[in-house]
file final.csv (CSV, C-alpha atoms)
chain,number,residue,atom,x,y,z
A,98,MET,CA,-27.2,-4.4,3.2
A,99,LYS,CA,-25.5,-1.9,1.0
A,100,LYS,CA,-26.9,1.6,1.5
A,101,LEU,CA,-28.0,3.7,-1.5
A,102,SER,CA,-25.6,6.5,-2.4
A,103,LYS,CA,-26.8,10.1,-2.6
A,104,ASN,CA,-26.5,10.0,-6.4
A,105,ASN,CA,-28.6,6.8,-6.6
A,106,ILE,CA,-31.3,8.3,-4.4
A,107,ILE,CA,-31.5,11.5,-6.5
A,108,THR,CA,-31.6,9.4,-9.7
A,109,ILE,CA,-34.5,7.3,-8.3
A,110,ALA,CA,-36.3,10.4,-7.3
A,111,LEU,CA,-35.9,11.8,-10.8
A,112,ILE,CA,-37.3,8.7,-12.4
A,113,ILE,CA,-40.3,8.8,-10.1
A,114,ALA,CA,-40.8,12.5,-11.0
A,115,ILE,CA,-40.7,11.7,-14.7
A,116,TYR,CA,-43.4,9.0,-14.3
A,117,ALA,CA,-45.5,11.5,-12.2
A,118,ILE,CA,-45.1,14.2,-14.9
A,119,VAL,CA,-46.3,11.8,-17.6
A,120,PHE,CA,-49.2,10.8,-15.4
A,121,VAL,CA,-50.3,14.4,-14.9
A,122,LEU,CA,-49.8,15.3,-18.6
A,123,GLU,CA,-52.2,12.5,-19.6
A,124,LYS,CA,-54.8,14.1,-17.4
A,125,VAL,CA,-54.5,17.7,-18.8
A,126,ILE,CA,-53.5,17.2,-22.4
A,127,ASP,CA,-55.2,15.3,-25.2
A,128,SER,CA,-53.8,11.8,-25.4
A,129,ASN,CA,-53.8,11.9,-29.2
A,130,SER,CA,-51.4,14.9,-29.3
A,131,MET,CA,-47.9,14.5,-30.9
A,132,LEU,CA,-46.3,14.8,-27.5
A,133,PHE,CA,-47.7,11.5,-26.4
A,134,ILE,CA,-47.0,9.9,-29.7
A,135,VAL,CA,-43.3,10.9,-29.3
A,136,LEU,CA,-43.2,9.7,-25.7
A,137,LYS,CA,-44.8,6.3,-26.5
A,138,LYS,CA,-42.6,5.6,-29.5
A,139,GLY,CA,-39.5,7.1,-27.8
A,140,ALA,CA,-39.9,4.7,-24.8
A,141,ILE,CA,-40.2,1.7,-27.2
A,142,TYR,CA,-37.1,2.8,-29.2
A,143,ALA,CA,-35.2,3.5,-26.0
A,144,LEU,CA,-35.7,-0.2,-24.9
A,145,VAL,CA,-34.6,-1.5,-28.3
A,146,ALA,CA,-31.6,0.9,-28.5
A,147,VAL,CA,-30.5,-0.2,-25.0
A,148,SER,CA,-30.8,-3.8,-26.0
A,149,MET,CA,-28.7,-3.2,-29.1
A,150,ASN,CA,-26.2,-1.2,-27.0
A,151,LEU,CA,-25.8,-4.3,-24.7
A,152,LEU,CA,-24.6,-6.2,-27.7
A,153,ASN,CA,-22.8,-3.6,-29.8
A,154,GLY,CA,-21.6,-1.2,-27.1
A,155,PHE,CA,-20.9,-3.4,-24.0
A,156,THR,CA,-20.0,-6.7,-25.6
A,157,GLY,CA,-18.4,-5.3,-28.8
A,158,LEU,CA,-20.4,-7.5,-31.2
A,159,PHE,CA,-21.4,-5.7,-34.4
A,160,SER,CA,-24.9,-7.1,-35.0
A,161,LEU,CA,-27.5,-5.7,-37.5
A,162,GLY,CA,-30.3,-8.2,-36.8
A,163,GLN,CA,-32.4,-6.1,-34.4
A,164,ALA,CA,-35.3,-5.5,-36.8
A,165,GLY,CA,-35.6,-9.3,-37.4
A,166,PHE,CA,-35.9,-10.0,-33.7
A,167,MET,CA,-38.4,-7.2,-33.3
A,168,LEU,CA,-40.4,-8.7,-36.1
A,169,ILE,CA,-40.5,-12.1,-34.3
A,170,GLY,CA,-41.6,-10.4,-31.1
A,171,ALA,CA,-44.3,-8.4,-32.8
A,172,TYR,CA,-45.7,-11.4,-34.6
A,173,THR,CA,-45.6,-13.7,-31.6
A,174,TYR,CA,-47.5,-11.1,-29.5
A,175,ALA,CA,-50.1,-10.5,-32.2
A,176,ILE,CA,-50.7,-14.2,-33.0
A,177,PHE,CA,-51.3,-15.2,-29.4
A,178,THR,CA,-53.4,-12.2,-28.3
A,179,ILE,CA,-56.0,-11.8,-31.1
A,180,PRO,CA,-59.3,-12.7,-29.5
A,181,VAL,CA,-60.9,-15.9,-30.8
A,182,GLU,CA,-64.0,-14.1,-32.0
A,183,TYR,CA,-61.9,-11.9,-34.4
A,184,ARG,CA,-59.7,-14.6,-35.8
A,185,ASP,CA,-62.1,-15.5,-38.7
A,186,ALA,CA,-62.0,-11.9,-39.8
A,187,VAL,CA,-58.3,-11.5,-39.4
A,188,TYR,CA,-57.3,-14.8,-41.0
A,189,GLN,CA,-60.1,-14.6,-43.6
A,190,TYR,CA,-57.9,-16.1,-46.4
A,191,PHE,CA,-56.6,-19.0,-44.1
A,192,ASP,CA,-59.9,-20.3,-42.5
A,193,GLY,CA,-59.4,-18.6,-39.2
A,194,GLY,CA,-55.8,-19.7,-38.7
A,195,ILE,CA,-54.4,-22.5,-36.6
A,196,VAL,CA,-54.1,-20.8,-33.3
A,197,GLN,CA,-57.6,-20.8,-31.8
A,198,PHE,CA,-57.0,-19.3,-28.3
A,199,SER,CA,-55.6,-16.1,-26.8
A,200,ILE,CA,-53.4,-15.3,-23.8
A,201,PRO,CA,-53.2,-12.1,-21.6
A,202,VAL,CA,-51.0,-9.2,-22.6
A,203,ILE,CA,-48.1,-9.6,-20.0
A,204,PRO,CA,-47.5,-13.3,-20.7
A,205,ALA,CA,-47.7,-12.5,-24.4
A,206,LEU,CA,-45.0,-9.9,-24.0
A,207,ILE,CA,-42.8,-12.4,-22.2
A,208,LEU,CA,-43.5,-15.0,-24.8
A,209,ALA,CA,-42.6,-12.5,-27.6
A,210,GLY,CA,-39.2,-12.0,-25.9
A,211,LEU,CA,-38.7,-15.7,-25.5
A,212,ALA,CA,-39.5,-16.4,-29.1
A,213,ALA,CA,-36.9,-13.9,-30.3
A,214,ALA,CA,-34.4,-15.3,-27.8
A,215,LEU,CA,-34.9,-18.8,-29.1
A,216,PHE,CA,-34.2,-17.7,-32.7
A,217,ALA,CA,-31.2,-15.8,-31.4
A,218,PHE,CA,-29.9,-18.9,-29.7
A,219,LEU,CA,-30.2,-21.0,-32.9
A,220,ILE,CA,-28.8,-18.3,-35.1
A,221,GLY,CA,-26.0,-17.5,-32.7
A,222,LEU,CA,-24.6,-21.0,-32.8
A,223,PRO,CA,-23.0,-20.5,-36.2
A,224,VAL,CA,-22.8,-16.7,-36.7
A,225,LEU,CA,-21.2,-15.8,-33.3
A,226,ARG,CA,-18.0,-17.6,-34.5
A,227,LEU,CA,-17.7,-14.8,-37.1
A,228,LYS,CA,-16.2,-11.4,-36.3
A,229,SER,CA,-16.6,-7.7,-37.2
A,230,ASP,CA,-18.2,-7.1,-40.6
A,231,TYR,CA,-18.9,-10.7,-41.2
A,232,LEU,CA,-21.1,-10.9,-38.1
A,233,ALA,CA,-22.9,-7.8,-39.2
A,234,ILE,CA,-23.6,-9.2,-42.7
A,235,ALA,CA,-24.8,-12.5,-41.3
A,236,THR,CA,-27.2,-11.0,-38.8
A,237,LEU,CA,-28.5,-8.5,-41.4
A,238,GLY,CA,-29.1,-11.4,-43.8
A,239,PHE,CA,-31.0,-13.2,-41.1
A,240,ALA,CA,-33.3,-10.2,-40.6
A,241,GLU,CA,-34.1,-10.0,-44.3
A,242,ILE,CA,-34.6,-13.8,-44.5
A,243,ILE,CA,-37.0,-13.9,-41.5
A,244,ARG,CA,-39.0,-11.0,-43.0
A,245,ALA,CA,-39.5,-12.9,-46.2
A,246,PHE,CA,-40.1,-16.1,-44.3
A,247,PHE,CA,-43.0,-14.6,-42.3
A,248,GLN,CA,-44.7,-13.4,-45.5
A,249,TRP,CA,-44.6,-16.9,-47.0
A,250,ASP,CA,-48.2,-18.1,-47.8
A,251,THR,CA,-47.4,-21.6,-46.6
A,252,LEU,CA,-47.2,-20.1,-43.1
A,253,GLY,CA,-50.3,-18.1,-43.7
A,254,PRO,CA,-52.4,-20.1,-41.1
A,255,VAL,CA,-50.0,-18.9,-38.4
A,256,THR,CA,-48.6,-15.5,-39.7
A,257,ASN,CA,-51.4,-14.5,-42.0
A,258,GLY,CA,-48.9,-14.4,-44.9
A,259,SER,CA,-48.4,-10.9,-46.3
A,260,ASN,CA,-51.7,-9.7,-44.8
A,261,LEU,CA,-52.1,-7.5,-41.7
A,262,LEU,CA,-52.4,-8.9,-38.2
A,263,ARG,CA,-54.9,-6.7,-36.3
A,264,LYS,CA,-57.5,-6.7,-33.6
A,265,PHE,CA,-55.0,-7.6,-30.8
A,266,PRO,CA,-54.9,-5.6,-27.5
A,267,THR,CA,-53.1,-2.3,-27.7
A,268,PHE,CA,-52.5,0.5,-25.2
A,269,ASP,CA,-53.8,4.0,-24.8
A,270,SER,CA,-51.9,5.1,-21.7
A,271,THR,CA,-48.3,6.4,-22.1
A,272,LEU,CA,-47.5,4.9,-18.8
A,273,PHE,CA,-47.8,1.3,-20.1
A,274,PRO,CA,-44.9,1.5,-22.6
A,275,PHE,CA,-42.9,3.7,-20.1
A,276,THR,CA,-43.4,1.1,-17.3
A,277,VAL,CA,-42.5,-2.0,-19.5
A,278,ALA,CA,-39.5,-0.3,-21.1
A,279,GLY,CA,-38.4,1.1,-17.7
A,280,ILE,CA,-38.5,-2.4,-16.1
A,281,CYS,CA,-36.6,-4.0,-19.0
A,282,ILE,CA,-34.0,-1.2,-19.1
A,283,LEU,CA,-33.5,-1.6,-15.3
A,284,LEU,CA,-32.9,-5.4,-15.8
A,285,ILE,CA,-30.3,-4.6,-18.5
A,286,VAL,CA,-28.6,-2.1,-16.2
A,287,LEU,CA,-28.5,-4.7,-13.4
A,288,LEU,CA,-27.0,-7.2,-15.8
A,289,ILE,CA,-24.3,-4.7,-17.0
A,290,ASN,CA,-23.3,-4.1,-13.4
A,291,SER,CA,-23.1,-7.8,-12.5
A,292,SER,CA,-20.2,-10.2,-13.0
A,293,TYR,CA,-21.6,-11.1,-16.4
A,294,GLY,CA,-21.6,-7.5,-17.5
A,295,ARG,CA,-18.0,-7.1,-16.5
A,296,ALA,CA,-17.2,-10.2,-18.6
A,297,PHE,CA,-19.0,-8.6,-21.5
A,298,LYS,CA,-16.9,-5.5,-21.2
A,299,ALA,CA,-13.7,-7.6,-20.9
A,300,ILE,CA,-14.6,-9.3,-24.2
A,301,ARG,CA,-15.2,-5.9,-25.8
A,302,ASP,CA,-11.9,-4.5,-24.6
A,303,ASP,CA,-9.7,-7.5,-25.4
A,304,GLU,CA,-10.8,-11.0,-26.3
A,305,ILE,CA,-7.4,-12.5,-25.8
A,306,ALA,CA,-7.0,-11.0,-22.4
A,307,ALA,CA,-10.6,-12.0,-21.4
A,308,GLU,CA,-10.0,-15.6,-22.5
A,309,ALA,CA,-6.7,-15.7,-20.6
A,310,MET,CA,-8.7,-14.6,-17.5
A,311,GLY,CA,-10.9,-17.7,-17.8
A,312,ILE,CA,-13.9,-16.1,-19.6
A,313,ASN,CA,-15.6,-18.5,-22.0
A,314,LEU,CA,-15.9,-16.2,-25.1
A,315,PHE,CA,-18.5,-18.1,-27.0
A,316,LYS,CA,-20.7,-18.7,-23.9
A,317,HIS,CA,-20.8,-15.0,-23.0
A,318,LYS,CA,-21.2,-13.9,-26.6
A,319,GLU,CA,-24.2,-16.2,-26.9
A,320,MET,CA,-25.6,-15.0,-23.6
A,321,SER,CA,-25.3,-11.4,-24.6
A,322,PHE,CA,-26.8,-12.1,-28.0
A,323,VAL,CA,-29.8,-14.0,-26.6
A,324,ILE,CA,-30.5,-11.5,-23.8
A,325,SER,CA,-30.3,-8.6,-26.3
A,326,SER,CA,-32.7,-10.4,-28.6
A,327,PHE,CA,-35.1,-11.1,-25.8
A,328,PHE,CA,-35.6,-7.4,-25.0
A,329,ALA,CA,-35.7,-6.6,-28.8
A,330,GLY,CA,-38.6,-9.0,-29.0
A,331,VAL,CA,-40.4,-7.3,-26.2
A,332,GLY,CA,-39.7,-4.0,-27.9
A,333,GLY,CA,-41.2,-5.4,-31.1
A,334,ALA,CA,-44.3,-6.4,-29.3
A,335,LEU,CA,-44.7,-2.9,-27.8
A,336,LEU,CA,-44.2,-1.5,-31.3
A,337,ALA,CA,-47.0,-3.7,-32.6
A,338,MET,CA,-49.3,-2.4,-29.8
A,339,PHE,CA,-48.3,1.2,-30.7
A,340,GLN,CA,-49.0,0.7,-34.4
A,341,THR,CA,-52.1,-1.4,-33.8
A,342,THR,CA,-51.3,-3.6,-36.8
A,343,VAL,CA,-48.4,-5.9,-37.7
A,344,GLN,CA,-47.0,-6.6,-41.2
A,345,ALA,CA,-43.5,-7.9,-42.0
A,346,MET,CA,-42.8,-5.3,-44.6
A,347,ALA,CA,-42.6,-2.6,-41.9
A,348,PHE,CA,-39.5,-4.3,-40.3
A,349,LYS,CA,-37.0,-3.5,-43.0
A,350,SER,CA,-33.3,-3.1,-42.5
A,351,ALA,CA,-33.8,0.7,-42.4
A,352,MET,CA,-35.4,0.1,-38.9
A,353,THR,CA,-32.1,-1.5,-37.7
A,354,TYR,CA,-30.1,1.4,-39.1
A,355,GLU,CA,-32.3,3.9,-37.2
A,356,ILE,CA,-31.7,2.0,-34.0
A,357,LEU,CA,-28.0,1.8,-34.7
A,358,LEU,CA,-27.9,5.5,-35.4
A,359,ILE,CA,-29.6,6.2,-32.0
A,360,VAL,CA,-27.0,4.0,-30.2
A,361,VAL,CA,-24.1,5.8,-31.9
A,362,LEU,CA,-25.6,9.3,-31.3
A,363,GLY,CA,-26.2,8.4,-27.6
A,364,GLY,CA,-22.8,6.8,-27.2
A,365,LEU,CA,-21.6,3.2,-27.5
A,366,GLY,CA,-21.6,1.8,-23.9
A,367,SER,CA,-24.0,4.3,-22.4
A,368,VAL,CA,-27.5,3.3,-21.4
A,369,THR,CA,-28.4,6.9,-20.5
A,370,GLY,CA,-27.1,8.1,-23.9
A,371,SER,CA,-29.3,5.5,-25.7
A,372,CYS,CA,-32.4,6.7,-23.8
A,373,ILE,CA,-31.8,10.4,-24.4
A,374,ALA,CA,-31.0,9.9,-28.1
A,375,SER,CA,-34.1,7.8,-28.6
A,376,PHE,CA,-36.5,10.6,-27.5
A,377,LEU,CA,-34.5,13.2,-29.4
A,378,PHE,CA,-34.5,11.1,-32.6
A,379,ILE,CA,-38.2,10.4,-32.5
A,380,ALA,CA,-39.0,14.0,-31.6
A,381,CYS,CA,-37.0,15.4,-34.5
A,382,SER,CA,-38.1,12.9,-37.1
A,383,GLU,CA,-41.7,12.6,-36.1
A,384,TRP,CA,-42.6,16.0,-34.7
A,385,TRP,CA,-40.2,19.0,-34.7
A,386,LEU,CA,-39.1,18.7,-38.3
A,387,ARG,CA,-42.3,17.2,-39.8
A,388,GLY,CA,-43.6,20.6,-40.9
A,389,LEU,CA,-40.7,21.0,-43.3
A,390,ASP,CA,-42.3,18.6,-45.7
A,391,SER,CA,-45.5,20.7,-45.9
A,392,GLY,CA,-43.6,23.9,-46.9
A,393,GLU,CA,-42.5,25.9,-43.8
A,394,PHE,CA,-41.5,25.2,-40.3
A,395,LEU,CA,-39.8,27.4,-37.7
A,396,GLY,CA,-39.4,30.1,-40.4
A,397,ILE,CA,-37.6,27.8,-42.8
A,398,LYS,CA,-39.2,27.6,-46.2
A,399,ALA,CA,-38.7,24.5,-48.3
A,400,PRO,CA,-37.9,24.9,-52.0
A,401,GLU,CA,-40.4,23.2,-54.3
A,402,VAL,CA,-37.8,20.7,-55.4
A,403,PHE,CA,-37.2,19.5,-51.8
A,404,ARG,CA,-40.7,20.0,-50.5
A,405,ASN,CA,-41.5,16.2,-50.1
A,406,GLY,CA,-38.2,15.3,-48.5
A,407,PHE,CA,-36.9,18.5,-47.0
A,408,ARG,CA,-37.3,17.2,-43.5
A,409,LEU,CA,-34.9,14.4,-44.2
A,410,VAL,CA,-32.3,16.8,-45.6
A,411,VAL,CA,-32.4,19.0,-42.5
A,412,PHE,CA,-32.5,16.0,-40.2
A,413,SER,CA,-29.3,14.6,-41.9
A,414,ILE,CA,-27.6,18.0,-41.4
A,415,VAL,CA,-28.5,17.9,-37.7
A,416,ILE,CA,-27.1,14.4,-37.3
A,417,MET,CA,-23.9,15.5,-39.1
A,418,VAL,CA,-23.5,18.4,-36.7
A,419,VAL,CA,-24.0,16.2,-33.6
A,420,VAL,CA,-21.5,13.7,-34.9
A,421,LEU,CA,-18.9,16.4,-35.6
A,422,PHE,CA,-19.2,18.0,-32.1
A,423,PHE,CA,-19.9,14.8,-30.2
A,424,ARG,CA,-17.7,12.2,-31.9
A,425,LYS,CA,-18.3,9.6,-29.1
A,426,GLY,CA,-22.0,10.5,-28.9
A,427,ILE,CA,-23.9,12.7,-26.6
A,428,MET,CA,-22.8,10.7,-23.5
A,429,GLY,CA,-19.8,8.9,-24.8
A,430,ASP,CA,-19.4,5.8,-22.6
A,431,ARG,CA,-20.5,7.7,-19.5
A,432,GLU,CA,-23.8,7.4,-17.6
A,433,PHE,CA,-26.0,10.1,-16.0
A,434,SER,CA,-24.4,11.3,-12.8
A,435,TRP,CA,-25.4,14.1,-10.5
A,436,ASP,CA,-21.8,14.4,-9.3
A,437,ALA,CA,-20.6,15.0,-12.8
A,438,ILE,CA,-23.2,17.7,-13.4
A,439,ILE,CA,-22.4,19.4,-10.1
A,440,ASN,CA,-18.6,19.3,-10.9
A,441,PHE,CA,-19.2,20.6,-14.4
A,442,PHE,CA,-21.3,23.6,-13.2
A,443,GLY,CA,-18.9,24.1,-10.3
A,444,LYS,CA,-15.9,24.4,-12.7
A,445,LEU,CA,-18.0,26.6,-15.0
A,446,PHE,CA,-18.8,29.1,-12.2
A,447,LYS,CA,-15.3,29.0,-10.9
A,448,LYS,CA,-14.0,30.1,-14.3
A,449,LYS,CA,-16.6,32.9,-14.4
A,450,ASP,CA,-15.6,34.1,-10.9
A,451,LYS,CA,-11.9,33.9,-11.8
A,452,ALA,CA,-12.5,35.9,-15.0
A,453,ALA,CA,-14.6,38.5,-13.1
A,454,LYS,CA,-11.8,38.9,-10.5
A,455,GLU,CA,-9.2,39.4,-13.2
A,456,VAL,CA,-11.4,42.1,-14.9
A,457,ALA,CA,-12.0,43.8,-11.5
A,458,SER,CA,-8.3,43.8,-10.6
A,459,LYS,CA,-7.5,45.6,-13.9
call {"tool": "encode", "arguments": {"input": "final.csv", "output": "structure tokens"}}
result
Amino acid sequence: MKKLSKNNIITIALIIAIYAIVFVLEKVIDSNSMLFIVLKKGAIYALVAVSMNLLNGFTGLFSLGQAGFMLIGAYTYAIFTIPVEYRDAVYQYFDGGIVQFSIPVIPALILAGLAAALFAFLIGLPVLRLKSDYLAIATLGFAEIIRAFFQWDTLGPVTNGSNLLRKFPTFDSTLFPFTVAGICILLIVLLINSSYGRAFKAIRDDEIAAEAMGINLFKHKEMSFVISSFFAGVGGALLAMFQTTVQAMAFKSAMTYEILLIVVLGGLGSVTGSCIASFLFIACSEWWLRGLDSGEFLGIKAPEVFRNGFRLVVFSIVIMVVVLFFRKGIMGDREFSWDAIINFFGKLFKKKDKAAKEVASK
């Protein structure tokens, strides 16, 4: 049995410490505070961003259909978990709906992922033969079509048409989305480090060379597309639980662009980067810069002209600065490594010692 390296042991200890800190914070801080809102939504977006990075960063497929798969996952979860006694109230315009049973939360989350994966498999058969911008346009079109399709009144007995789905089980504890997202991200990391993950990277780097090595391009592209969509569906179900209601109008293309922005800011091909960028993005957009819209925040006063959208102006400037100084994202294509941090600080202190010695000699 292969022994864990020192770096892996420290990483595992850090993850356990993070979960322990979240657990303690829930006991001492009001669970409705902005901190927990950011942590919950950040964990959900981290899962979706990592799933998108699996496709865009590790396989090299430019897909923009993530919001569509999240919508499928959110609706699947909501439809199959609404308690029977509430269905008449929720489906009041459609005679209580067709589905007259409910299933537990965990099986519903898995079913949400499977539903998204099934759609991805069917959509992938024609669209994965396209490349680059054409693939992006096709998947973006799918997301918009599926959003309109789920609001179609003919499907009302199942999807409730353009009306809200509500009364399904949600979560109060921050540890629930953290745990589900953590398990899913761990599975993605294990996949990336497997022989299939190496095949995905080979396709990303050079399709012709990968095919010459015996890699079935379409099979592996389809596999990456389906797996990415599965975890996007689970992320959509978690988002539904976070928001407590589901409506197709919320899953617009802007949601996909936000996730793509997170992936780019974190670094294409970096799971660690996607996780870090997710929490930073949610914290900035939902918390730290929110006060700008009300007039003043951190000593910055918003002019009357920009009062309602000044937060977005400042947020855009912050993103531009990050892109200018970190052109490959915060982590680039690297992962979190204690050895890299130790080497960085070691070189930094060596430079300081060398400079101090030069000054002393003079």
call {"tool": "residues_around", "arguments": {"input": "final.csv", "residues": "Phe376 in chain A", "least_positions_apart": "2", "cutoff": "12 Å", "atoms": "all atoms listed in the file", "output": "PyMOL selection string"}}
result
chain A and resi 132-144+146+275+356+359-360+362-363+369-374+378-385
call {"tool": "write_last_selection", "arguments": {"input": "final.csv", "atoms": "C-alpha atoms", "output": "short mmCIF file (atom, residue, chain, number, x, y, z; two decimals), keeping the file's coordinate frame"}}
result
data_model
loop_
_atom_site.label_atom_id
_atom_site.label_comp_id
_atom_site.auth_asym_id
_atom_site.auth_seq_id
_atom_site.Cartn_x
_atom_site.Cartn_y
_atom_site.Cartn_z
CA LEU A 132 -46.30 14.80 -27.50
CA PHE A 133 -47.70 11.50 -26.40
CA ILE A 134 -47.00 9.90 -29.70
CA VAL A 135 -43.30 10.90 -29.30
CA LEU A 136 -43.20 9.70 -25.70
CA LYS A 137 -44.80 6.30 -26.50
CA LYS A 138 -42.60 5.60 -29.50
CA GLY A 139 -39.50 7.10 -27.80
CA ALA A 140 -39.90 4.70 -24.80
CA ILE A 141 -40.20 1.70 -27.20
CA TYR A 142 -37.10 2.80 -29.20
CA ALA A 143 -35.20 3.50 -26.00
CA LEU A 144 -35.70 -0.20 -24.90
CA ALA A 146 -31.60 0.90 -28.50
CA PHE A 275 -42.90 3.70 -20.10
CA ILE A 356 -31.70 2.00 -34.00
CA ILE A 359 -29.60 6.20 -32.00
CA VAL A 360 -27.00 4.00 -30.20
CA LEU A 362 -25.60 9.30 -31.30
CA GLY A 363 -26.20 8.40 -27.60
CA THR A 369 -28.40 6.90 -20.50
CA GLY A 370 -27.10 8.10 -23.90
CA SER A 371 -29.30 5.50 -25.70
CA CYS A 372 -32.40 6.70 -23.80
CA ILE A 373 -31.80 10.40 -24.40
CA ALA A 374 -31.00 9.90 -28.10
CA PHE A 378 -34.50 11.10 -32.60
CA ILE A 379 -38.20 10.40 -32.50
CA ALA A 380 -39.00 14.00 -31.60
CA CYS A 381 -37.00 15.40 -34.50
CA SER A 382 -38.10 12.90 -37.10
CA GLU A 383 -41.70 12.60 -36.10
CA TRP A 384 -42.60 16.00 -34.70
CA TRP A 385 -40.20 19.00 -34.70
#
call {"tool": "closest_residue", "arguments": {"input": "final.csv", "among": "A:Met131, A:Ile234, A:Leu225, A:Ala334", "to": "Leu158 in chain A", "atoms": "all atoms listed in the file"}}
result
A:Leu225
call {"tool": "atom_distance", "arguments": {"input": "final.csv", "atom1": "CA of Met352 in chain A", "atom2": "CA of Leu122 in chain A"}}
result
29.2 Å
call {"tool": "residues_around", "arguments": {"input": "final.csv", "residues": "range 291-295 of chain A", "least_positions_apart": "6", "cutoff": "9 Å", "atoms": "only C-alpha atoms", "output": "PyMOL selection string"}}
result
chain A and resi 151+155-156+317+321
call {"tool": "closest_residue", "arguments": {"input": "final.csv", "among": "A:Gln344, A:Ser270, A:Gln197, A:Thr108", "to": "Phe120 in chain A", "atoms": "all atoms listed in the file"}}
result
A:Ser270
call {"tool": "closest_residue", "arguments": {"input": "final.csv", "among": "A:Phe198, A:Ser160, A:Arg226, A:Asp303", "to": "Gly238 in chain A", "atoms": "all atoms listed in the file"}}
result
A:Ser160
call {"tool": "closest_residue", "arguments": {"input": "final.csv", "among": "A:Thr256, A:Thr236, A:Gln163, A:Thr178", "to": "Leu208 in chain A", "atoms": "all atoms listed in the file"}}
result
A:Thr178
call {"tool": "residues_around", "arguments": {"input": "final.csv", "residues": "range 213-215 of chain A", "least_positions_apart": "2", "cutoff": "7 Å", "atoms": "only C-alpha atoms", "output": "list in words"}}
result
Phe166, Ile169, Gly170, Ala209, Gly210, Leu211, Ala217, Phe218, Leu219, Val323, Ile324, Ser326, Phe327 and Gly330 of chain A
